[in-house]
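Peer 1: I have a structure I would like to understand better, so I am pasting it below and will then ask my questions one at a time.
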Amino acid sequence: MRAAAIRPEPLITISGLGKVYRTRKSEFEALRNINLTIGKNEFLTLIGPSGCGKSTLLRILAGLEEATEGTLLIDGEPIIGPGADRGMVFQNYTLFPWLTVRENIEYGLKLNGMPPPERRAISDHYLKLIRLEPFADSYPKELSGGMKQRVAIARALANKPKVLLMDEPFGALDAQTKLEMQQILLDVWEKEKTTVVFITHDIEEAVFLSQRLCVMGSKPGRIISEHIVELPAARTEETRLLPKFVSLRRELSALLKH
Amino acid sequence: MEMKMEAVNGGLLEVKAAPRKRPKLQIFKEIGPARFFGLAVGSFAFILIVWLLISQLELVNPVFLPKPQNVLAEMIHQLGTGEYWAHIGISVFRVTAGFLLACAVGIPLGIFAGAFRAGSAVIEPPMEFIRYMPAVAFIPLIMVWVGIGEAAKILLIFIGCFFQVVLMVADITRRVNPDLLHVSYTLGGNRRQVIKTVLLPAIMPELVSMMRLILGWAWTYLVVAELIAVNSGLGYAIMKAQRFLNTEQIFVGIIVIGLLGLISDRLFAFVHKRCFHWL
């Protein structure tokens, strides 16, 4: 495939992965034969209709669910359960409401027993990165939806994970905030040099953010096609008007129609 | 076309001419603190006036319904005696002991049942069963087991509260957003850390609300406990007054219990507001 040409050093290798939910009466095949390699510092998006298993795949990567088939390696090691090397940002707001913005960002560091001065230096850095310095001591209830997701991203990144898993993080935001958040995320990704696996059902968002994207189909959940996004690395609002952007969007939209 | 437009406009005008009336009582609509306070005071005043009217006009035999001013005088008299304060003291002690004991044992069990499916299986079915047994029905058994001393009263309050505490805490624990736990896991938390840094803080506000509710029940069971074989406490004072048909004193006992309940309730509300400002 085209994608093989520029693939960097692999970080995550998924091979022959499947997931079947079994109850006494029925069986539901959520994922079938997923094969995917995710490179270091890559921004990969999984896009598909609801029910295609994209969230399930992400949760398996996070270690929150177990695959029923296949292998899953990160840096050559099998994934067993959740761990600090895979940070996650959820669609619903999941900041700890009893902690301030700063305490939320420092949460993972504190769990690992990092002393306060070092923690503070790191949270300072991320507060600046997500442009929320004035809100360091605010509680989540005082923040807007977009701000909450920015803190959730900072909280995951502060832990220095090998990969950032994002499950439709901007799905609940209004259109304007969503665009703003996409720009901030790209900015952060560029500065932090991290690997991102992003899930969305928004085609425009997928094309704008990713270097590579996988289209998923449902019944059973599987990868239908893979696309390299051949757009300049620095993306702005003008990027959305480029012919390549428009044509890829159209192509994906046709793929996702049925 | 023009004709049609006119007709529509005409219709609009007609609607304007006869505006629909907004109902005074709108569901969930805020009414402002001053209005709320006024209505609440008015409600108290109404009860007092009805009481005053009925007793003043002697529509009911004064032995059954004393006059409010007499009750007030009796209350001032009673609260001036050390004996009554001793009753209050011992009652507060029994309620607090039974209630705290029920919480101390019930809350950890409830959390265990709420957090782990196995815990739920072991703990909840028997609790559900026992919960439907009226606590009062345990009185004869309690007397056989621990006699008629202080332990008996505390045990009755404990039985009345404990099973409810366990089931309510289990329910509160189950309602914690699982994504909050997942976040902690993906940030490197182990099971112990997730319980300590996510589960417990997350259930804390509802735990305090639950305790506030249960404390009200503890007061109810106190009165029941003090109806049997006692010679102290507010329940005893009420029973003694009944024997002498001293309705004023019965009223005083009930009102004092009400006031104590109100004070403890406000205390919990204050703690809730103070500790959970992040809500």
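A note on labels: chains of the structure tokens are A, B, ... as shown, every chain counts residues from 1, and ligands are counted from 1 in their shown order.
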Residues of chain A no more than 8 Å from chain B, counting only C-alpha atoms: send them over as a compact mmCIF listing (two decimals) with N, CA and C atoms, in the first residue's frame.
Peer 2:
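Ended up saving to out_11.txt:
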```txt
# COMPACT_ATOMS: atom_id res chain seq x y z
N ALA A 62 -5.66 1.11 25.06
CA ALA A 62 -5.45 1.69 26.39
C ALA A 62 -5.31 0.60 27.45
N LEU A 64 -7.98 -0.95 28.61
CA LEU A 64 -9.23 -0.94 29.40
C LEU A 64 -10.13 -2.10 28.99
N PRO A 82 -4.11 -1.37 31.56
CA PRO A 82 -3.77 0.04 31.34
C PRO A 82 -2.46 0.41 32.02
N GLY A 83 -1.79 1.42 31.49
CA GLY A 83 -0.54 1.84 32.08
C GLY A 83 -0.21 3.28 31.72
N ALA A 84 0.76 3.82 32.43
CA ALA A 84 1.10 5.23 32.27
C ALA A 84 1.73 5.54 30.91
N ASP A 85 2.14 4.48 30.16
CA ASP A 85 2.76 4.74 28.85
C ASP A 85 1.72 5.06 27.78
N ARG A 86 0.43 4.86 28.11
CA ARG A 86 -0.63 5.19 27.14
C ARG A 86 -1.65 6.11 27.80
N GLY A 87 -1.52 7.41 27.53
CA GLY A 87 -2.44 8.40 28.11
C GLY A 87 -3.71 8.45 27.30
N MET A 88 -4.82 8.79 27.96
CA MET A 88 -6.08 8.78 27.23
C MET A 88 -6.88 10.06 27.51
N VAL A 89 -7.53 10.55 26.46
CA VAL A 89 -8.46 11.67 26.61
C VAL A 89 -9.82 11.19 26.14
N PHE A 90 -10.82 11.34 26.99
CA PHE A 90 -12.15 10.80 26.69
C PHE A 90 -13.06 11.87 26.08
N THR A 94 -13.70 14.41 31.84
CA THR A 94 -13.30 13.50 32.91
C THR A 94 -12.26 14.11 33.82
N LEU A 95 -12.27 15.43 33.96
CA LEU A 95 -11.37 16.03 34.95
C LEU A 95 -11.89 15.63 36.32
N PHE A 96 -10.98 15.53 37.29
CA PHE A 96 -11.41 15.26 38.65
C PHE A 96 -11.97 16.56 39.23
N PRO A 97 -13.28 16.60 39.48
CA PRO A 97 -13.88 17.89 39.85
C PRO A 97 -13.39 18.44 41.18
N TRP A 98 -12.83 17.56 42.03
CA TRP A 98 -12.38 18.03 43.35
C TRP A 98 -10.95 18.56 43.32
N LEU A 99 -10.30 18.48 42.17
CA LEU A 99 -8.93 19.00 42.05
C LEU A 99 -8.93 20.25 41.18
N TYR A 107 -1.76 15.21 38.55
CA TYR A 107 -2.29 13.98 39.17
C TYR A 107 -1.42 12.75 38.94
N GLY A 108 -1.10 12.50 37.67
CA GLY A 108 -0.32 11.30 37.33
C GLY A 108 1.09 11.35 37.92
N LEU A 111 0.96 10.48 41.52
CA LEU A 111 0.81 9.04 41.71
C LEU A 111 2.17 8.34 41.65
N ASN A 112 3.01 8.86 40.76
CA ASN A 112 4.32 8.23 40.60
C ASN A 112 5.33 8.71 41.63
N TYR A 139 -11.34 25.47 39.64
CA TYR A 139 -11.87 24.11 39.63
C TYR A 139 -12.57 23.86 38.29
N PRO A 140 -12.66 22.59 37.87
CA PRO A 140 -13.23 22.28 36.55
C PRO A 140 -14.61 22.89 36.31
N LYS A 141 -15.41 23.04 37.37
CA LYS A 141 -16.76 23.59 37.15
C LYS A 141 -16.72 25.03 36.61
N ALA A 156 -2.83 14.27 30.42
CA ALA A 156 -2.30 13.04 29.81
C ALA A 156 -0.85 13.24 29.38
N ASN A 159 2.34 13.27 31.87
CA ASN A 159 2.84 11.95 32.26
C ASN A 159 3.88 11.41 31.29
```
Peer 1: As a PyMOL selection string, please: every residue in segment 12-200 of chain A that a backbone DSSP assignment puts in strand (DSSP E or B).
Peer 2: chain A and resi 12-22+27-39+43-47+69-74+77-78+86-89+163-167+195-200
Peer 1: Might you pull out every residue within 10 Å of segment 36-42 of chain A, with only C-alpha atoms counted and same-chain residues fewer than 6 positions away left off, and present them as JSON, numbers by chain?
Peer 2: {"A": [4, 6, 7, 8, 9, 10, 11, 12, 13, 14, 15, 16, 17, 72, 73, 74, 75, 162, 163, 189, 190, 192, 193, 194, 195, 196, 197, 210, 211, 212, 214, 223, 226]}
Peer 1: With only C-alpha atoms as the atoms that count, which of A:Thr68, A:Val20, A:Ala233, A:Ser144 lies nearest to Asp174 of chain A?
Peer 2: A:Ser144
Peer 1: Name all residues at most 10 Å from Gly261 of chain B (count only C-alpha atoms; drop same-chain ones fewer than 5 positions away) and give them as number ranges by chain.
Peer 2: B: 92, 212, 215-220, 255-256, 266-267
Peer 1: With N, CA and C atoms retained, export the selected residues as a compact mmCIF listing (two decimals), in the first residue's frame.
Peer 2:
```
# COMPACT_ATOMS: atom_id res chain seq x y z
N VAL B 92 -28.84 12.74 73.05
CA VAL B 92 -27.87 13.09 72.00
C VAL B 92 -26.76 12.04 71.97
N ARG B 212 -26.59 12.73 56.46
CA ARG B 212 -27.57 13.73 56.90
C ARG B 212 -28.97 13.11 56.96
N LEU B 215 -29.17 10.39 59.78
CA LEU B 215 -29.22 10.95 61.13
C LEU B 215 -30.67 11.27 61.52
N GLY B 216 -31.44 11.72 60.55
CA GLY B 216 -32.86 11.98 60.82
C GLY B 216 -33.57 10.71 61.27
N TRP B 217 -33.24 9.60 60.62
CA TRP B 217 -33.86 8.32 61.01
C TRP B 217 -33.40 7.91 62.39
N ALA B 218 -32.14 8.18 62.71
CA ALA B 218 -31.59 7.79 64.01
C ALA B 218 -32.42 8.43 65.12
N TRP B 219 -32.83 9.67 64.91
CA TRP B 219 -33.66 10.35 65.91
C TRP B 219 -34.99 9.63 66.09
N THR B 220 -35.56 9.17 64.99
CA THR B 220 -36.83 8.45 65.08
C THR B 220 -36.66 7.18 65.91
N ILE B 255 -40.94 19.15 70.28
CA ILE B 255 -40.32 20.33 69.67
C ILE B 255 -38.81 20.32 69.89
N VAL B 256 -38.38 19.93 71.09
CA VAL B 256 -36.94 19.91 71.37
C VAL B 256 -36.24 18.90 70.44
N ARG B 266 -28.58 21.19 59.88
CA ARG B 266 -27.90 22.42 59.41
C ARG B 266 -26.39 22.24 59.47
N LEU B 267 -25.94 21.54 60.53
CA LEU B 267 -24.52 21.29 60.69
C LEU B 267 -23.98 20.50 59.49
```
Peer 1: I'd like to know which of A:Phe170, A:Met216, A:Ile105, A:Lys110 is closest to Gln183 of chain A, using only C-alpha atoms.
Peer 2: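 Closest to Gln183 of chain A, using only C-alpha atoms: A:Phe170.
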Peer 1: May I ask for the distance between atom CA of Gly160 of chain B and atom CA of Ala135 of chain B, given in Å to one decimal place?
Peer 2: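 Going from atom CA of Gly160 of chain B over to atom CA of Ala135 of chain B, I get 5.2 Å.
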Peer 1: At a cut-off of 12 Å, using only C-alpha atoms, what residues contact segment 121-130 of chain B? Leave out same-chain residues fewer than 5 positions from it and give the result as a PyMOL selection string.
Peer 2: chain B and resi 106+108-116+135+137-138+159-171
Peer 1: Could you take the residues named above and write them with N, CA and C atoms, as a PDB file, in the first residue's frame?
Peer 2:
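Listing of selection-v7.pdb after writing:
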```pdb
ATOM      1  N   GLY B 106     -20.925   0.447  58.445  1.00  0.00           N
ATOM      2  CA  GLY B 106     -21.711   0.368  57.209  1.00  0.00           C
ATOM      3  C   GLY B 106     -21.026   0.975  56.002  1.00  0.00           C
ATOM      4  N   PRO B 108     -17.669   1.370  55.120  1.00  0.00           N
ATOM      5  CA  PRO B 108     -16.672   0.512  54.445  1.00  0.00           C
ATOM      6  C   PRO B 108     -17.312  -0.698  53.749  1.00  0.00           C
ATOM      7  N   LEU B 109     -18.285  -1.300  54.414  1.00  0.00           N
ATOM      8  CA  LEU B 109     -18.953  -2.450  53.791  1.00  0.00           C
ATOM      9  C   LEU B 109     -19.669  -2.030  52.511  1.00  0.00           C
ATOM     10  N   GLY B 110     -20.327  -0.883  52.569  1.00  0.00           N
ATOM     11  CA  GLY B 110     -21.053  -0.381  51.394  1.00  0.00           C
ATOM     12  C   GLY B 110     -20.115  -0.099  50.238  1.00  0.00           C
ATOM     13  N   ILE B 111     -18.966   0.508  50.543  1.00  0.00           N
ATOM     14  CA  ILE B 111     -17.992   0.802  49.491  1.00  0.00           C
ATOM     15  C   ILE B 111     -17.491  -0.504  48.872  1.00  0.00           C
ATOM     16  N   PHE B 112     -17.228  -1.467  49.734  1.00  0.00           N
ATOM     17  CA  PHE B 112     -16.754  -2.770  49.242  1.00  0.00           C
ATOM     18  C   PHE B 112     -17.803  -3.409  48.320  1.00  0.00           C
ATOM     19  N   ALA B 113     -19.068  -3.356  48.740  1.00  0.00           N
ATOM     20  CA  ALA B 113     -20.132  -3.949  47.937  1.00  0.00           C
ATOM     21  C   ALA B 113     -20.339  -3.187  46.626  1.00  0.00           C
ATOM     22  N   GLY B 114     -20.153  -1.855  46.683  1.00  0.00           N
ATOM     23  CA  GLY B 114     -20.369  -1.053  45.483  1.00  0.00           C
ATOM     24  C   GLY B 114     -19.234  -1.190  44.485  1.00  0.00           C
ATOM     25  N   ALA B 115     -18.012  -1.366  45.003  1.00  0.00           N
ATOM     26  CA  ALA B 115     -16.852  -1.373  44.124  1.00  0.00           C
ATOM     27  C   ALA B 115     -16.608  -2.732  43.471  1.00  0.00           C
ATOM     28  N   PHE B 116     -16.923  -3.810  44.182  1.00  0.00           N
ATOM     29  CA  PHE B 116     -16.616  -5.139  43.649  1.00  0.00           C
ATOM     30  C   PHE B 116     -17.888  -5.962  43.489  1.00  0.00           C
ATOM     31  N   ALA B 135     -37.105  -2.602  62.431  1.00  0.00           N
ATOM     32  CA  ALA B 135     -36.129  -2.530  63.527  1.00  0.00           C
ATOM     33  C   ALA B 135     -36.815  -2.693  64.872  1.00  0.00           C
ATOM     34  N   ALA B 137     -39.206  -4.511  65.676  1.00  0.00           N
ATOM     35  CA  ALA B 137     -39.500  -5.907  65.980  1.00  0.00           C
ATOM     36  C   ALA B 137     -38.309  -6.602  66.639  1.00  0.00           C
ATOM     37  N   PHE B 138     -37.138  -5.969  66.560  1.00  0.00           N
ATOM     38  CA  PHE B 138     -35.942  -6.548  67.171  1.00  0.00           C
ATOM     39  C   PHE B 138     -35.865  -6.273  68.677  1.00  0.00           C
ATOM     40  N   ILE B 159     -29.296  -0.895  64.451  1.00  0.00           N
ATOM     41  CA  ILE B 159     -30.031  -1.792  63.553  1.00  0.00           C
ATOM     42  C   ILE B 159     -30.908  -1.001  62.601  1.00  0.00           C
ATOM     43  N   GLY B 160     -31.510   0.063  63.131  1.00  0.00           N
ATOM     44  CA  GLY B 160     -32.380   0.880  62.284  1.00  0.00           C
ATOM     45  C   GLY B 160     -31.632   1.554  61.142  1.00  0.00           C
ATOM     46  N   CYS B 161     -30.365   1.908  61.384  1.00  0.00           N
ATOM     47  CA  CYS B 161     -29.613   2.681  60.389  1.00  0.00           C
ATOM     48  C   CYS B 161     -28.679   1.834  59.527  1.00  0.00           C
ATOM     49  N   PHE B 162     -28.046   0.847  60.142  1.00  0.00           N
ATOM     50  CA  PHE B 162     -26.929   0.141  59.523  1.00  0.00           C
ATOM     51  C   PHE B 162     -27.238  -0.416  58.119  1.00  0.00           C
ATOM     52  N   PHE B 163     -28.332  -1.167  58.005  1.00  0.00           N
ATOM     53  CA  PHE B 163     -28.613  -1.843  56.728  1.00  0.00           C
ATOM     54  C   PHE B 163     -28.873  -0.834  55.610  1.00  0.00           C
ATOM     55  N   GLN B 164     -29.553   0.240  55.980  1.00  0.00           N
ATOM     56  CA  GLN B 164     -29.794   1.286  54.983  1.00  0.00           C
ATOM     57  C   GLN B 164     -28.483   1.923  54.555  1.00  0.00           C
ATOM     58  N   VAL B 165     -27.598   2.173  55.524  1.00  0.00           N
ATOM     59  CA  VAL B 165     -26.311   2.797  55.208  1.00  0.00           C
ATOM     60  C   VAL B 165     -25.550   1.941  54.194  1.00  0.00           C
ATOM     61  N   VAL B 166     -25.463   0.641  54.465  1.00  0.00           N
ATOM     62  CA  VAL B 166     -24.709  -0.240  53.575  1.00  0.00           C
ATOM     63  C   VAL B 166     -25.276  -0.169  52.153  1.00  0.00           C
ATOM     64  N   LEU B 167     -26.580  -0.302  52.024  1.00  0.00           N
ATOM     65  CA  LEU B 167     -27.186  -0.336  50.698  1.00  0.00           C
ATOM     66  C   LEU B 167     -27.061   1.010  49.981  1.00  0.00           C
ATOM     67  N   MET B 168     -27.236   2.090  50.735  1.00  0.00           N
ATOM     68  CA  MET B 168     -27.136   3.403  50.093  1.00  0.00           C
ATOM     69  C   MET B 168     -25.704   3.696  49.656  1.00  0.00           C
ATOM     70  N   VAL B 169     -24.730   3.345  50.495  1.00  0.00           N
ATOM     71  CA  VAL B 169     -23.332   3.592  50.131  1.00  0.00           C
ATOM     72  C   VAL B 169     -22.941   2.746  48.915  1.00  0.00           C
ATOM     73  N   ALA B 170     -23.420   1.500  48.886  1.00  0.00           N
ATOM     74  CA  ALA B 170     -23.118   0.639  47.732  1.00  0.00           C
ATOM     75  C   ALA B 170     -23.659   1.282  46.454  1.00  0.00           C
ATOM     76  N   ASP B 171     -24.846   1.836  46.548  1.00  0.00           N
ATOM     77  CA  ASP B 171     -25.473   2.466  45.392  1.00  0.00           C
ATOM     78  C   ASP B 171     -24.705   3.716  44.963  1.00  0.00           C
TER      79      ASP B 171
END
```
Peer 1: For the structure I just gave you, how does DSSP split segment 8-169 of chain B - specifically, which residues are alpha helix (DSSP H)? Reply as number ranges by chain.
Peer 2: B: 8-17, 33-56, 68-79, 82-115, 117-131, 139-146, 150-169
Peer 1: So what do you get for atom CA of Glu74 of chain B versus atom CA of Lys153 of chain B, distance-wise?
Peer 2: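 Atom-to-atom, atom CA of Glu74 of chain B and atom CA of Lys153 of chain B are spaced 27.5 Å apart.
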Peer 1: Could you state the separation of atom CA of Gly149 of chain B and atom CA of Glu83 of chain B in Å, given to one decimal place?
Peer 2: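 Separation of atom CA of Gly149 of chain B and atom CA of Glu83 of chain B: 19.6 Å.
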Peer 1: Given the choices A:Gly51, A:Lys19, A:Glu238, A:Ser138, which gets closest to Glu66 of chain A if the distance is worked out from only C-alpha atoms?
Peer 2: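 Answer, going by the shortest atom-to-atom distance: A:Lys19.
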Peer 1: What's around Glu205 of chain A at 9 Å? Count only C-alpha atoms, leave out sequence neighbours fewer than 6 positions away in its own chain, and write the answer as a ChimeraX atom specification.
Peer 2: /A:178-179,182
Peer 1: Show which residues sit within 10 Å of Gly233 of chain B, as a count of residues only. Count only C-alpha atoms, and ignore same-chain residues fewer than 6 positions away.
Peer 2: 18
Peer 1: For Val188 of chain A, which residue among A:Tyr126, A:Glu204, A:Pro243, A:Lys25 is the nearest when counting only C-alpha atoms?
Peer 2: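 Looking at the shortest contact to Val188 of chain A, the residue is A:Tyr126.
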